[in-house]
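**Q** Contents are mmCIF, C-alpha atoms; file name entry_23.cif:
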```cif
data_upload
#
loop_
_atom_site.label_atom_id
_atom_site.label_comp_id
_atom_site.auth_asym_id
_atom_site.auth_seq_id
_atom_site.Cartn_x
_atom_site.Cartn_y
_atom_site.Cartn_z
CA MET A 24 87.64 139.43 37.25
CA ASN A 25 87.40 137.84 40.64
CA HIS A 26 84.95 139.58 42.90
CA LYS A 27 85.50 137.28 45.82
CA GLY A 28 87.32 138.95 48.67
CA ILE A 29 90.91 138.27 49.64
CA LEU A 30 91.86 137.22 53.16
CA VAL A 31 94.73 139.51 54.11
CA VAL A 32 96.84 138.46 57.08
CA VAL A 33 98.81 141.33 58.55
CA SER A 34 101.63 140.80 61.02
CA GLY A 35 104.62 142.86 61.91
CA PHE A 36 107.01 144.02 64.55
CA SER A 37 105.40 145.12 67.76
CA GLY A 38 105.81 148.90 67.56
CA ALA A 39 105.61 148.99 63.75
CA GLY A 40 102.26 150.76 63.91
CA LYS A 41 100.06 147.99 62.51
CA GLY A 42 97.00 149.04 64.47
CA THR A 43 97.17 152.62 63.22
CA VAL A 44 97.65 151.47 59.63
CA MET A 45 94.68 149.09 59.81
CA LYS A 46 92.42 151.71 61.37
CA ALA A 47 93.32 154.21 58.62
CA LEU A 48 92.84 151.60 55.89
CA LEU A 49 89.34 150.76 57.12
CA ASN A 50 88.46 154.43 57.51
CA GLN A 51 89.65 155.42 54.04
CA TYR A 52 88.31 152.59 51.91
CA ASP A 53 85.01 150.76 52.13
CA ASN A 54 85.93 147.43 50.60
CA TYR A 55 87.54 146.06 53.75
CA ALA A 56 86.23 144.18 56.76
CA LEU A 57 88.25 143.66 59.91
CA SER A 58 88.19 140.22 61.45
CA VAL A 59 87.83 140.43 65.21
CA SER A 60 89.61 137.70 67.16
CA VAL A 61 88.12 135.77 70.02
CA THR A 62 90.07 135.41 73.25
CA THR A 63 89.79 134.08 76.79
CA ARG A 64 91.81 136.90 78.28
CA GLN A 65 90.13 139.53 80.41
CA PRO A 66 89.02 142.76 78.73
CA ARG A 67 91.24 145.73 79.56
CA PRO A 68 89.70 149.06 80.52
CA GLY A 69 88.10 150.64 77.46
CA GLU A 70 87.94 147.41 75.45
CA GLU A 71 84.55 146.37 74.13
CA ASP A 72 83.27 142.90 73.37
CA GLY A 73 83.09 142.54 69.58
CA ARG A 74 85.33 145.55 68.89
CA GLU A 75 88.83 144.74 70.16
CA TYR A 76 88.01 141.08 70.78
CA PHE A 77 85.15 138.72 71.37
CA PHE A 78 85.69 137.89 75.05
CA ARG A 79 84.77 134.32 75.88
CA THR A 80 85.29 131.83 78.72
CA ARG A 81 87.66 128.89 78.31
CA GLU A 82 84.64 126.58 78.09
CA GLU A 83 83.08 128.63 75.33
CA PHE A 84 86.39 128.85 73.49
CA GLU A 85 86.95 125.11 73.67
CA ARG A 86 83.48 124.55 72.28
CA LEU A 87 84.42 126.75 69.31
CA ILE A 88 87.49 124.56 68.78
CA GLU A 89 85.39 121.40 68.88
CA GLU A 90 82.89 122.83 66.43
CA ASP A 91 85.73 123.74 64.02
CA ALA A 92 84.43 127.30 64.23
CA LEU A 93 87.95 128.80 64.27
CA ILE A 94 90.30 129.15 61.30
CA GLU A 95 93.24 129.06 63.67
CA TYR A 96 93.85 129.40 67.37
CA ALA A 97 96.81 129.46 69.71
CA GLN A 98 97.60 129.84 73.38
CA TYR A 99 99.67 132.81 74.40
CA VAL A 100 100.66 133.64 77.99
CA GLY A 101 98.00 131.26 79.30
CA ASN A 102 95.12 132.53 77.17
CA TYR A 103 93.49 131.34 73.99
CA TYR A 104 93.33 133.53 70.89
CA GLY A 105 91.54 132.52 67.72
CA THR A 106 89.98 133.64 64.43
CA PRO A 107 86.25 132.95 64.01
CA ARG A 108 85.58 131.27 60.69
CA SER A 109 81.98 132.31 59.93
CA TYR A 110 82.54 136.08 59.90
CA VAL A 111 85.59 135.74 57.63
CA GLU A 112 83.84 133.42 55.18
CA GLN A 113 80.71 135.55 55.05
CA LYS A 114 82.62 138.78 54.33
CA LEU A 115 84.81 137.13 51.68
CA ALA A 116 81.68 135.82 49.94
CA GLU A 117 80.27 139.35 49.99
CA GLY A 118 83.38 140.48 48.09
CA LYS A 119 85.01 142.26 51.02
CA ASP A 120 88.74 141.91 51.56
CA VAL A 121 89.06 140.71 55.13
CA ILE A 122 91.93 141.99 57.24
CA LEU A 123 93.24 139.70 59.92
CA GLU A 124 95.86 141.17 62.23
CA ILE A 125 97.56 138.29 63.99
CA GLU A 126 101.01 137.25 65.10
CA ILE A 127 103.32 135.14 63.04
CA GLN A 128 102.45 131.64 64.32
CA GLY A 129 98.76 132.30 63.65
CA ALA A 130 99.62 133.67 60.21
CA MET A 131 101.48 130.49 59.31
CA LYS A 132 98.51 128.38 60.39
CA VAL A 133 96.12 130.46 58.29
CA LYS A 134 98.38 130.16 55.23
CA GLU A 135 98.49 126.39 55.71
CA LYS A 136 94.70 126.11 55.85
CA ILE A 137 93.96 128.83 53.29
CA PRO A 138 96.83 128.99 50.77
CA GLU A 139 95.25 131.87 48.86
CA ALA A 140 95.48 134.11 51.96
CA LEU A 141 97.72 137.09 51.34
CA LEU A 142 100.44 137.64 53.94
CA VAL A 143 101.73 141.15 54.58
CA PHE A 144 104.45 142.05 57.06
CA VAL A 145 104.55 145.59 58.44
CA THR A 146 107.93 146.93 59.41
CA PRO A 147 109.57 150.26 60.17
CA PRO A 148 112.38 151.22 57.77
CA SER A 149 114.97 149.88 60.23
CA ILE A 150 115.27 148.28 63.65
CA GLU A 151 117.00 151.45 64.82
CA GLU A 152 113.78 153.29 63.96
CA LEU A 153 111.72 150.67 65.81
CA LYS A 154 113.85 151.17 68.91
CA HIS A 155 113.56 154.91 68.50
CA ARG A 156 109.75 154.68 68.39
CA LEU A 157 109.52 152.38 71.39
CA VAL A 158 111.79 154.65 73.44
CA GLY A 159 110.05 157.76 72.13
CA ARG A 160 106.66 156.70 73.49
CA GLY A 161 108.09 157.33 76.95
CA THR A 162 105.55 154.89 78.38
CA GLU A 163 107.54 151.68 78.24
CA THR A 164 110.09 150.52 80.79
CA PRO A 165 113.57 149.56 79.54
CA GLU A 166 112.65 145.94 80.27
CA VAL A 167 109.56 146.09 78.06
CA ILE A 168 111.57 147.73 75.29
CA ALA A 169 114.27 145.08 75.55
CA SER A 170 111.62 142.36 75.46
CA ARG A 171 109.94 143.86 72.38
CA LEU A 172 113.24 144.20 70.56
CA SER A 173 114.10 140.65 71.45
CA ARG A 174 110.73 139.58 70.08
CA ALA A 175 111.44 141.58 66.91
CA GLY A 176 114.53 139.42 66.52
CA GLU A 177 112.34 136.32 66.52
CA GLU A 178 109.71 137.87 64.27
CA ALA A 179 112.30 138.91 61.69
CA GLU A 180 113.16 135.25 61.22
CA GLY A 181 109.70 134.68 59.77
CA MET A 182 109.55 137.70 57.44
CA GLU A 183 110.28 135.72 54.28
CA ALA A 184 107.11 133.70 54.69
CA TYR A 185 105.14 136.87 54.01
CA GLU A 186 104.46 137.74 50.38
CA TYR A 187 104.75 141.48 50.85
CA LEU A 188 106.76 143.78 53.08
CA LEU A 189 105.10 147.04 53.95
CA ILE A 190 107.36 149.77 55.27
CA ASN A 191 105.57 152.04 57.69
CA ASP A 192 107.56 155.24 57.44
CA ASP A 193 104.88 157.74 56.47
CA LEU A 194 101.36 156.65 57.50
CA ASP A 195 99.49 157.94 54.43
CA THR A 196 101.98 156.37 52.04
CA CYS A 197 101.85 153.11 53.94
CA VAL A 198 98.04 152.92 53.89
CA ARG A 199 97.92 153.74 50.19
CA GLU A 200 100.55 151.11 49.41
CA LEU A 201 98.71 148.47 51.39
CA HIS A 202 95.50 149.27 49.54
CA GLN A 203 97.29 149.05 46.18
CA ILE A 204 98.97 145.77 47.07
CA ILE A 205 95.66 144.16 48.00
CA GLN A 206 93.79 145.55 45.00
CA SER A 207 96.55 144.51 42.58
CA GLU A 208 96.34 140.98 43.95
CA HIS A 209 92.79 140.78 42.60
CA SER A 210 94.34 140.83 39.11
CA ARG A 211 96.58 137.82 39.70
CA SER A 212 96.03 135.07 37.16
CA SER A 213 96.03 132.47 39.91
CA ARG A 214 93.05 134.24 41.53
CA ASN A 215 91.06 134.27 38.27
CA PRO A 216 90.80 130.73 36.92
CA GLU A 217 87.15 131.20 35.92
CA PHE A 218 87.96 134.27 33.84
CA ILE A 219 90.79 132.43 32.07
CA ASP A 220 88.57 129.44 31.39
CA ARG A 221 85.86 131.66 29.97
CA LEU A 222 88.25 133.48 27.63
CA LYS A 223 89.77 130.20 26.50
CA ALA A 224 86.34 128.76 25.76
CA GLU A 225 85.17 131.88 23.92
CA SER A 226 88.32 132.25 21.83
CA GLY A 227 88.65 128.53 21.20
CA THR A 228 85.65 128.71 18.88
CA PHE A 229 87.68 130.95 16.54
CA LEU A 230 90.69 128.64 16.34
CA LYS A 231 91.51 127.52 12.81
CA LYS A 232 90.71 123.84 12.41
CA MET B 7 113.23 148.63 49.68
CA ASN B 8 114.47 147.48 46.35
CA HIS B 9 115.31 150.37 44.08
CA LYS B 10 116.34 148.21 41.18
CA GLY B 11 113.86 148.33 38.33
CA ILE B 12 111.51 145.52 37.38
CA LEU B 13 111.43 144.09 33.89
CA VAL B 14 107.77 144.04 32.91
CA VAL B 15 106.82 141.87 29.96
CA VAL B 16 103.47 142.84 28.47
CA SER B 17 101.63 140.63 26.01
CA GLY B 18 98.00 140.33 25.10
CA PHE B 19 95.43 139.71 22.45
CA SER B 20 95.99 141.56 19.24
CA GLY B 21 93.29 144.22 19.41
CA ALA B 22 93.39 144.45 23.22
CA GLY B 23 94.86 147.94 23.01
CA LYS B 24 98.31 147.18 24.46
CA GLY B 25 100.02 149.94 22.47
CA THR B 26 97.63 152.62 23.70
CA VAL B 27 97.96 151.45 27.30
CA MET B 28 101.78 151.47 27.14
CA LYS B 29 101.87 154.92 25.56
CA ALA B 30 99.58 156.31 28.27
CA LEU B 31 101.60 154.61 31.02
CA LEU B 32 104.84 156.16 29.81
CA ASN B 33 103.20 159.56 29.39
CA GLN B 34 101.63 159.60 32.84
CA TYR B 35 104.47 158.26 34.99
CA ASP B 36 108.17 158.94 34.79
CA ASN B 37 109.57 155.78 36.36
CA TYR B 38 109.20 153.68 33.23
CA ALA B 39 111.41 153.03 30.23
CA LEU B 40 110.18 151.32 27.08
CA SER B 41 112.41 148.68 25.58
CA VAL B 42 112.58 149.05 21.80
CA SER B 43 112.94 145.79 19.90
CA VAL B 44 115.34 145.20 17.03
CA THR B 45 114.05 143.69 13.80
CA THR B 46 115.12 142.80 10.29
CA ARG B 47 111.77 143.69 8.78
CA GLN B 48 111.42 146.80 6.63
CA PRO B 49 110.22 150.02 8.31
CA ARG B 50 106.64 150.90 7.45
CA PRO B 51 105.71 154.45 6.45
CA GLY B 52 105.95 156.71 9.48
CA GLU B 53 108.11 154.31 11.51
CA GLU B 54 111.39 155.68 12.84
CA ASP B 55 114.58 153.79 13.62
CA GLY B 56 114.91 153.65 17.43
CA ARG B 57 111.29 154.57 18.09
CA GLU B 58 109.08 151.71 16.83
CA TYR B 59 112.04 149.40 16.26
CA PHE B 60 115.75 149.38 15.68
CA PHE B 61 115.87 148.37 12.00
CA ARG B 62 118.88 146.16 11.18
CA THR B 63 120.02 143.89 8.38
CA ARG B 64 120.08 140.12 8.82
CA GLU B 65 123.87 140.23 9.06
CA GLU B 66 123.76 142.84 11.79
CA PHE B 67 121.05 140.90 13.63
CA GLU B 68 123.00 137.67 13.48
CA ARG B 69 126.03 139.45 14.87
CA LEU B 70 123.88 140.57 17.83
CA ILE B 71 122.90 136.93 18.38
CA GLU B 72 126.54 135.81 18.30
CA GLU B 73 127.54 138.52 20.75
CA ASP B 74 124.75 137.44 23.14
CA ALA B 75 123.50 141.01 22.89
CA LEU B 76 119.84 139.96 22.87
CA ILE B 77 117.79 138.76 25.84
CA GLU B 78 115.57 136.81 23.46
CA TYR B 79 114.88 136.66 19.76
CA ALA B 80 112.57 134.83 17.41
CA GLN B 81 111.74 134.60 13.74
CA TYR B 82 108.26 135.58 12.67
CA VAL B 83 106.98 135.59 9.09
CA GLY B 84 110.54 135.41 7.79
CA ASN B 85 111.96 138.23 9.91
CA TYR B 86 113.98 138.36 13.12
CA TYR B 87 112.69 140.19 16.18
CA GLY B 88 114.73 140.55 19.37
CA THR B 89 115.20 142.42 22.64
CA PRO B 90 118.52 144.27 23.07
CA ARG B 91 120.10 143.42 26.40
CA SER B 92 122.22 146.50 27.13
CA TYR B 93 119.38 149.07 27.13
CA VAL B 94 117.24 146.89 29.41
CA GLU B 95 120.07 146.23 31.88
CA GLN B 96 121.13 149.85 31.98
CA LYS B 97 117.61 151.16 32.67
CA LEU B 98 116.95 148.50 35.33
CA ALA B 99 120.19 149.48 37.09
CA GLU B 100 119.06 153.11 37.01
CA GLY B 101 115.94 152.02 38.88
CA LYS B 102 113.54 152.35 35.97
CA ASP B 103 110.89 149.72 35.43
CA VAL B 104 111.40 148.55 31.88
CA ILE B 105 108.38 147.71 29.75
CA LEU B 106 108.82 145.09 27.10
CA GLU B 107 105.87 144.56 24.79
CA ILE B 108 106.38 141.24 23.05
CA GLU B 109 104.36 138.24 21.97
CA ILE B 110 103.90 135.15 24.03
CA GLN B 111 106.80 133.00 22.79
CA GLY B 112 109.23 135.83 23.45
CA ALA B 113 107.69 136.39 26.87
CA MET B 114 108.26 132.75 27.80
CA LYS B 115 111.90 132.99 26.74
CA VAL B 116 112.42 136.13 28.82
CA LYS B 117 110.86 134.49 31.88
CA GLU B 118 113.14 131.50 31.43
CA LYS B 119 116.26 133.67 31.29
CA ILE B 120 115.10 136.27 33.83
CA PRO B 121 112.78 134.59 36.35
CA GLU B 122 112.18 137.85 38.23
CA ALA B 123 110.60 139.40 35.12
CA LEU B 124 106.96 140.30 35.72
CA LEU B 125 104.53 138.99 33.11
CA VAL B 126 101.31 140.90 32.44
CA PHE B 127 98.65 139.84 29.96
CA VAL B 128 96.32 142.52 28.55
CA THR B 129 92.85 141.43 27.57
CA PRO B 130 89.48 142.96 26.79
CA PRO B 131 86.67 141.94 29.17
CA SER B 132 85.54 139.25 26.72
CA ILE B 133 86.33 137.79 23.32
CA GLU B 134 83.00 139.17 22.11
CA GLU B 135 84.32 142.63 22.98
CA LEU B 136 87.59 141.89 21.14
CA LYS B 137 85.63 140.90 18.03
CA HIS B 138 83.48 144.00 18.42
CA ARG B 139 86.58 146.22 18.53
CA LEU B 140 88.22 144.56 15.53
CA VAL B 141 85.04 144.86 13.48
CA GLY B 142 84.38 148.38 14.77
CA ARG B 143 87.67 149.69 13.42
CA GLY B 144 86.19 149.24 9.97
CA THR B 145 89.70 148.95 8.54
CA GLU B 146 90.18 145.19 8.67
CA THR B 147 88.94 142.68 6.14
CA PRO B 148 86.84 139.74 7.40
CA GLU B 149 89.88 137.52 6.68
CA VAL B 150 92.15 139.62 8.89
CA ILE B 151 89.56 139.64 11.66
CA ALA B 152 89.15 135.87 11.42
CA SER B 153 92.93 135.43 11.54
CA ARG B 154 93.27 137.69 14.60
CA LEU B 155 90.49 135.87 16.44
CA SER B 156 92.08 132.57 15.57
CA ARG B 157 95.36 133.87 16.95
CA ALA B 158 93.54 135.00 20.11
CA GLY B 159 92.51 131.38 20.52
CA GLU B 160 96.17 130.35 20.53
CA GLU B 161 97.22 133.23 22.78
CA ALA B 162 94.54 132.42 25.36
CA GLU B 163 96.19 129.04 25.84
CA GLY B 164 99.24 130.80 27.29
CA MET B 165 97.44 133.24 29.61
CA GLU B 166 98.10 131.27 32.78
CA ALA B 167 101.84 131.71 32.39
CA TYR B 168 101.35 135.42 33.07
CA GLU B 169 101.34 136.56 36.68
CA TYR B 170 98.73 139.26 36.17
CA LEU B 171 95.73 139.76 33.93
CA LEU B 172 94.97 143.33 33.03
CA ILE B 173 91.50 144.00 31.69
CA ASN B 174 91.45 146.88 29.26
CA ASP B 175 87.90 148.11 29.49
CA ASP B 176 88.39 151.75 30.42
CA LEU B 177 91.81 153.12 29.39
CA ASP B 178 92.43 155.32 32.44
CA THR B 179 91.48 152.55 34.85
CA CYS B 180 93.64 150.09 32.97
CA VAL B 181 96.72 152.36 33.02
CA ARG B 182 96.30 153.10 36.72
CA GLU B 183 95.90 149.40 37.51
CA LEU B 184 99.01 148.50 35.55
CA HIS B 185 100.98 151.16 37.39
CA GLN B 186 99.72 149.88 40.75
CA ILE B 187 100.48 146.28 39.90
CA ILE B 188 104.06 147.12 38.99
CA GLN B 189 104.64 149.40 41.96
CA SER B 190 103.15 146.87 44.39
CA GLU B 191 105.54 144.26 43.06
CA HIS B 192 108.42 146.35 44.41
CA SER B 193 107.17 145.45 47.90
CA ARG B 194 107.33 141.70 47.32
CA SER B 195 109.50 139.94 49.88
CA SER B 196 111.15 137.91 47.15
CA ARG B 197 112.34 141.14 45.52
CA ASN B 198 113.85 142.45 48.76
CA PRO B 199 116.29 139.88 50.13
CA GLU B 200 118.84 142.56 51.12
CA PHE B 201 116.26 144.45 53.17
CA ILE B 202 115.22 141.25 54.97
CA ASP B 203 118.85 140.34 55.65
CA ARG B 204 119.55 143.78 57.06
CA LEU B 205 116.53 143.69 59.38
CA LYS B 206 117.42 140.21 60.54
CA ALA B 207 120.98 141.25 61.27
CA GLU B 208 119.90 144.41 63.08
CA SER B 209 117.23 142.72 65.20
CA GLY B 210 119.33 139.63 65.83
CA THR B 211 121.53 141.67 68.17
CA PHE B 212 118.53 142.15 70.49
CA LEU B 213 117.66 138.45 70.71
CA LYS B 214 117.73 137.07 74.23
CA LYS B 215 120.67 134.73 74.57
#
```
Starting from the file, give its structure as C-alpha cells.

**A**
Amino acid sequence: MNHKGILVVVSGFSGAGKGTVMKALLNQYDNYALSVSVTTRQPRPGEEDGREYFFRTREEFERLIEEDALIEYAQYVGNYYGTPRSYVEQKLAEGKDVILEIEIQGAMKVKEKIPEALLVFVTPPSIEELKHRLVGRGTETPEVIASRLSRAGEEAEGMEAYEYLLINDDLDTCVRELHQIIQSEHSRSSRNPEFIDRLKAESGTFLKK
Amino acid sequence: MNHKGILVVVSGFSGAGKGTVMKALLNQYDNYALSVSVTTRQPRPGEEDGREYFFRTREEFERLIEEDALIEYAQYVGNYYGTPRSYVEQKLAEGKDVILEIEIQGAMKVKEKIPEALLVFVTPPSIEELKHRLVGRGTETPEVIASRLSRAGEEAEGMEAYEYLLINDDLDTCVRELHQIIQSEHSRSSRNPEFIDRLKAESGTFLKK
C-alpha cells in the first residue's frame, strides 16, 4: 500500500479543543509530524520560535512568498501567517502523516493546491456545549465569548468542505477516532494507484486469451 | 453523528480470504449484520437455508424480482443470485452496518442504486501470493487454479470502482483495518448532513448582524 504520508488539515471551532487533541495525537502515536506555521506576529510570553510558530519579520515573510516557499499564506489582523512547504514535503516523503492546524480560509487554499490533502473539522457535540466550555473557562470576557460564537457561526458555513467531522466530546475517544480516520485513508483506492496498477499487471498475465 | 448503519459491499479476488475475514469481523464486533443472499442454486452438503443462502425456486425468485424485493440480482452459471432488500433496510435502520459479500457486477449495481454504499475490495498483497495460496490448499486442480487466476485478471480491472482496498496479509490486522475503515466512514461529512444543519442553525443565532 501507499507509504507516502497524508497531509491532514485540521480546523474547527475556536474552543473545540483542537490544540489538546493534536498534542495528544502526537504524544500517543509516532507516525505524525506537526507542521509549524510561520508568522510575522510578535511571540507571546512562553512561546518559542520553531515550537508554536516560526517568528519572522515582514521582510523575511515576503521573501518566503516570493520564493514560493509557502504552501499557503494569509493576513489576519494585520499579520501574515503561512505554512512552510519544505518541512511538509520532507515529512510526507518520509512517510509521516503531517498535521496542519489552520483556519478555514487557509484550509481551502491547501485543498486547492494539494487536492489529496485530508480535511478534518473538529467540533464539540453542539454549539450549546461550545458556549458552555467558553463560559466555563472563566477567563474570557462576555465580549470575547460573543465574538468567538459569532466566528463559530461563520466557521460552520464551511464545515461541508471538510471530508470528516470529528466530535470532541471525550478526549481519548476523539484522539483514537482521528488516528483511525487518518490510517483508514491510507487504504483508499484513490491513494494507491501504483498498487492497483501492479495487481492489474500481475493478474493480466493469467487472463484467458 | 449519524447512527444509521452503512451498507458495506465487500468483493475481492477468489482466494483472498473474504469469507474468513467476514466471519472474524462478525465474531469480534457486534455492530455488524451479514446480509444473506437468495439463490436458485441447489444447497451443497452442509449448507443451511438462511445461513449460507436463502434457497428458493426459480418461480419464487422471479416473484421477488417482480415485487422489487431485491436490491440487485444477477444470473451466474444458470442460477439466480440476489440481495433481499427488507433485511438490509431493517438492519440499517437499526443502526447496524450491513455487510454484503458479492461479486463485482452485483457490487456495481448496488452502488448505482445506493450511492452511499461503501465498497471494499479484499486482496492479497500480490497475485503471486494469491497463486501461492490457491496452490497451497492442495485441493484445487491446475485447471481450477488457472480459471481462478484468469478470473482475478478480470476482477482486477474493476478494483478502482471500490473506495477502499483491504490487504489480507495477516487476518487480525485485516479484520481490525476493515472495522476501522467502516467506523471512520461514520464520521464523513457527507454522511452527516443533519448534524451539519443543526450546528449551522445553532451557531447562526450568534452571527453578528

**Q** Can you tell me how far CA of Ile127 (chain A) sits from CA of His9 (chain B), in Å to one decimal?

**A**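 Taking CA of Ile127 (chain A) as the start and CA of His9 (chain B) as the end point, the length is 27.1 Å.
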
**Q** Mind listing as a list in words which residues of chain A are within 7 Å of chain B, counting all atoms listed in the file?

**A**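 Therefore, the residues near the partner are Ser149, Ile150, Leu172, Ser173, Ala175, Gly176, Ala179, Glu180, Glu183, Tyr185, Glu186, Tyr187, Leu188, Leu189, Gln203, Ile204, Ser207, Ser210, Arg211, Ser212, Leu222, Lys223, Glu225, Ser226, Gly227, Phe229, Leu230 and Lys231 of chain A.
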
**Q** List as a PyMOL selection string the protein and nucleic acid residues near Gly23 (chain B), meaning an atom at most 10 Å away when only C-alpha atoms are counted, but skip any in the same chain fewer than 4 places from it.

**A** chain B and resi 18-19+27-28+128-130+136+139+174-175+177

**Q** Under the PyMOL selection byres ((chain A and resi 104) around 8), which residues of this model are included? Write them out as a list in words.

**A** Ser60, Val61, Thr62, Thr63, Tyr96, Ala97, Gln98, Tyr99, Asn102, Tyr103, Gly105 and Thr106 of chain A

**Q** Interatomic distance between CA of Val31 (chain A) and CA of Asn50 (chain A)?

**A**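 CA of Val31 (chain A) sits 16.5 Å away from CA of Asn50 (chain A).
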
**Q** Calculate how many Å separate CA of Gln111 (chain B) from CA of Gln34 (chain B), rounding to one decimal.

**A**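 Atom-to-atom, CA of Gln111 (chain B) and CA of Gln34 (chain B) are spaced 28.9 Å apart.
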
**Q** Tell me, as a short mmCIF file (atom, residue, chain, number, x, y, z; two decimals) with C-alpha atoms, in the frame of the given file, which residues lie within 7 Å of Asp120 (chain A), counting all atoms listed in the file; anything in the same chain fewer than 6 positions away does not count.

**A**
```cif
data_model
loop_
_atom_site.label_atom_id
_atom_site.label_comp_id
_atom_site.auth_asym_id
_atom_site.auth_seq_id
_atom_site.Cartn_x
_atom_site.Cartn_y
_atom_site.Cartn_z
CA GLY A 28 87.32 138.95 48.67
CA ILE A 29 90.91 138.27 49.64
CA LEU A 30 91.86 137.22 53.16
CA VAL A 31 94.73 139.51 54.11
CA ASN A 54 85.93 147.43 50.60
CA TYR A 55 87.54 146.06 53.75
CA ALA A 56 86.23 144.18 56.76
#
```

**Q** Residues proximal to (93.6, 135.8, 55.2) were defined as those with any atom within 10 Å of that point in the file's coordinates, counting all atoms listed in the file. Which are they, as a ChimeraX atom specification?

**A** /A:28-33,58,94,111,115,120-125,130,133-134,136-143

**Q** Mind dumping the selected residues with C-alpha atoms as an mmCIF file, in the frame of the given file?

**A**
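What ended up in out09.cif:
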```
data_model
loop_
_atom_site.group_PDB
_atom_site.id
_atom_site.type_symbol
_atom_site.label_atom_id
_atom_site.label_comp_id
_atom_site.auth_asym_id
_atom_site.auth_seq_id
_atom_site.Cartn_x
_atom_site.Cartn_y
_atom_site.Cartn_z
ATOM 1 C CA GLY A 28 87.320 138.950 48.670
ATOM 2 C CA ILE A 29 90.910 138.270 49.640
ATOM 3 C CA LEU A 30 91.860 137.220 53.160
ATOM 4 C CA VAL A 31 94.730 139.510 54.110
ATOM 5 C CA VAL A 32 96.840 138.460 57.080
ATOM 6 C CA VAL A 33 98.810 141.330 58.550
ATOM 7 C CA SER A 58 88.190 140.220 61.450
ATOM 8 C CA ILE A 94 90.300 129.150 61.300
ATOM 9 C CA VAL A 111 85.590 135.740 57.630
ATOM 10 C CA LEU A 115 84.810 137.130 51.680
ATOM 11 C CA ASP A 120 88.740 141.910 51.560
ATOM 12 C CA VAL A 121 89.060 140.710 55.130
ATOM 13 C CA ILE A 122 91.930 141.990 57.240
ATOM 14 C CA LEU A 123 93.240 139.700 59.920
ATOM 15 C CA GLU A 124 95.860 141.170 62.230
ATOM 16 C CA ILE A 125 97.560 138.290 63.990
ATOM 17 C CA ALA A 130 99.620 133.670 60.210
ATOM 18 C CA VAL A 133 96.120 130.460 58.290
ATOM 19 C CA LYS A 134 98.380 130.160 55.230
ATOM 20 C CA LYS A 136 94.700 126.110 55.850
ATOM 21 C CA ILE A 137 93.960 128.830 53.290
ATOM 22 C CA PRO A 138 96.830 128.990 50.770
ATOM 23 C CA GLU A 139 95.250 131.870 48.860
ATOM 24 C CA ALA A 140 95.480 134.110 51.960
ATOM 25 C CA LEU A 141 97.720 137.090 51.340
ATOM 26 C CA LEU A 142 100.440 137.640 53.940
ATOM 27 C CA VAL A 143 101.730 141.150 54.580
#
```

**Q** For the file shown, what are the residues hit by the PyMOL selection byres ((chain A and resi 73) around 12), laid out as a list in words?

**A**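 Those residues are Leu57, Ser58, Val59, Ser60, Val61, Thr62, Pro66, Glu70, Glu71, Asp72, Arg74, Glu75, Tyr76, Phe77, Phe78, Arg79, Pro107 and Tyr110 of chain A.
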
**Q** Those residues you just picked out, can you put them in a file as a PDB file, in the frame of the given file with C-alpha atoms?

**A**
```
ATOM      1  CA  LEU A  57      88.250 143.660  59.910  1.00  0.00           C
ATOM      2  CA  SER A  58      88.190 140.220  61.450  1.00  0.00           C
ATOM      3  CA  VAL A  59      87.830 140.430  65.210  1.00  0.00           C
ATOM      4  CA  SER A  60      89.610 137.700  67.160  1.00  0.00           C
ATOM      5  CA  VAL A  61      88.120 135.770  70.020  1.00  0.00           C
ATOM      6  CA  THR A  62      90.070 135.410  73.250  1.00  0.00           C
ATOM      7  CA  PRO A  66      89.020 142.760  78.730  1.00  0.00           C
ATOM      8  CA  GLU A  70      87.940 147.410  75.450  1.00  0.00           C
ATOM      9  CA  GLU A  71      84.550 146.370  74.130  1.00  0.00           C
ATOM     10  CA  ASP A  72      83.270 142.900  73.370  1.00  0.00           C
ATOM     11  CA  ARG A  74      85.330 145.550  68.890  1.00  0.00           C
ATOM     12  CA  GLU A  75      88.830 144.740  70.160  1.00  0.00           C
ATOM     13  CA  TYR A  76      88.010 141.080  70.780  1.00  0.00           C
ATOM     14  CA  PHE A  77      85.150 138.720  71.370  1.00  0.00           C
ATOM     15  CA  PHE A  78      85.690 137.890  75.050  1.00  0.00           C
ATOM     16  CA  ARG A  79      84.770 134.320  75.880  1.00  0.00           C
ATOM     17  CA  PRO A 107      86.250 132.950  64.010  1.00  0.00           C
ATOM     18  CA  TYR A 110      82.540 136.080  59.900  1.00  0.00           C
TER      19      TYR A 110
END
```

**Q** So which one's closest to Lys27 (chain A), A:Ala92, A:Leu49, A:Ile168, A:Ala116? Using all atoms listed in the file, please.

**A**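 Of A:Ala92, A:Leu49, A:Ile168, A:Ala116, the one nearest Lys27 (chain A) is A:Ala116, counting all atoms listed in the file.
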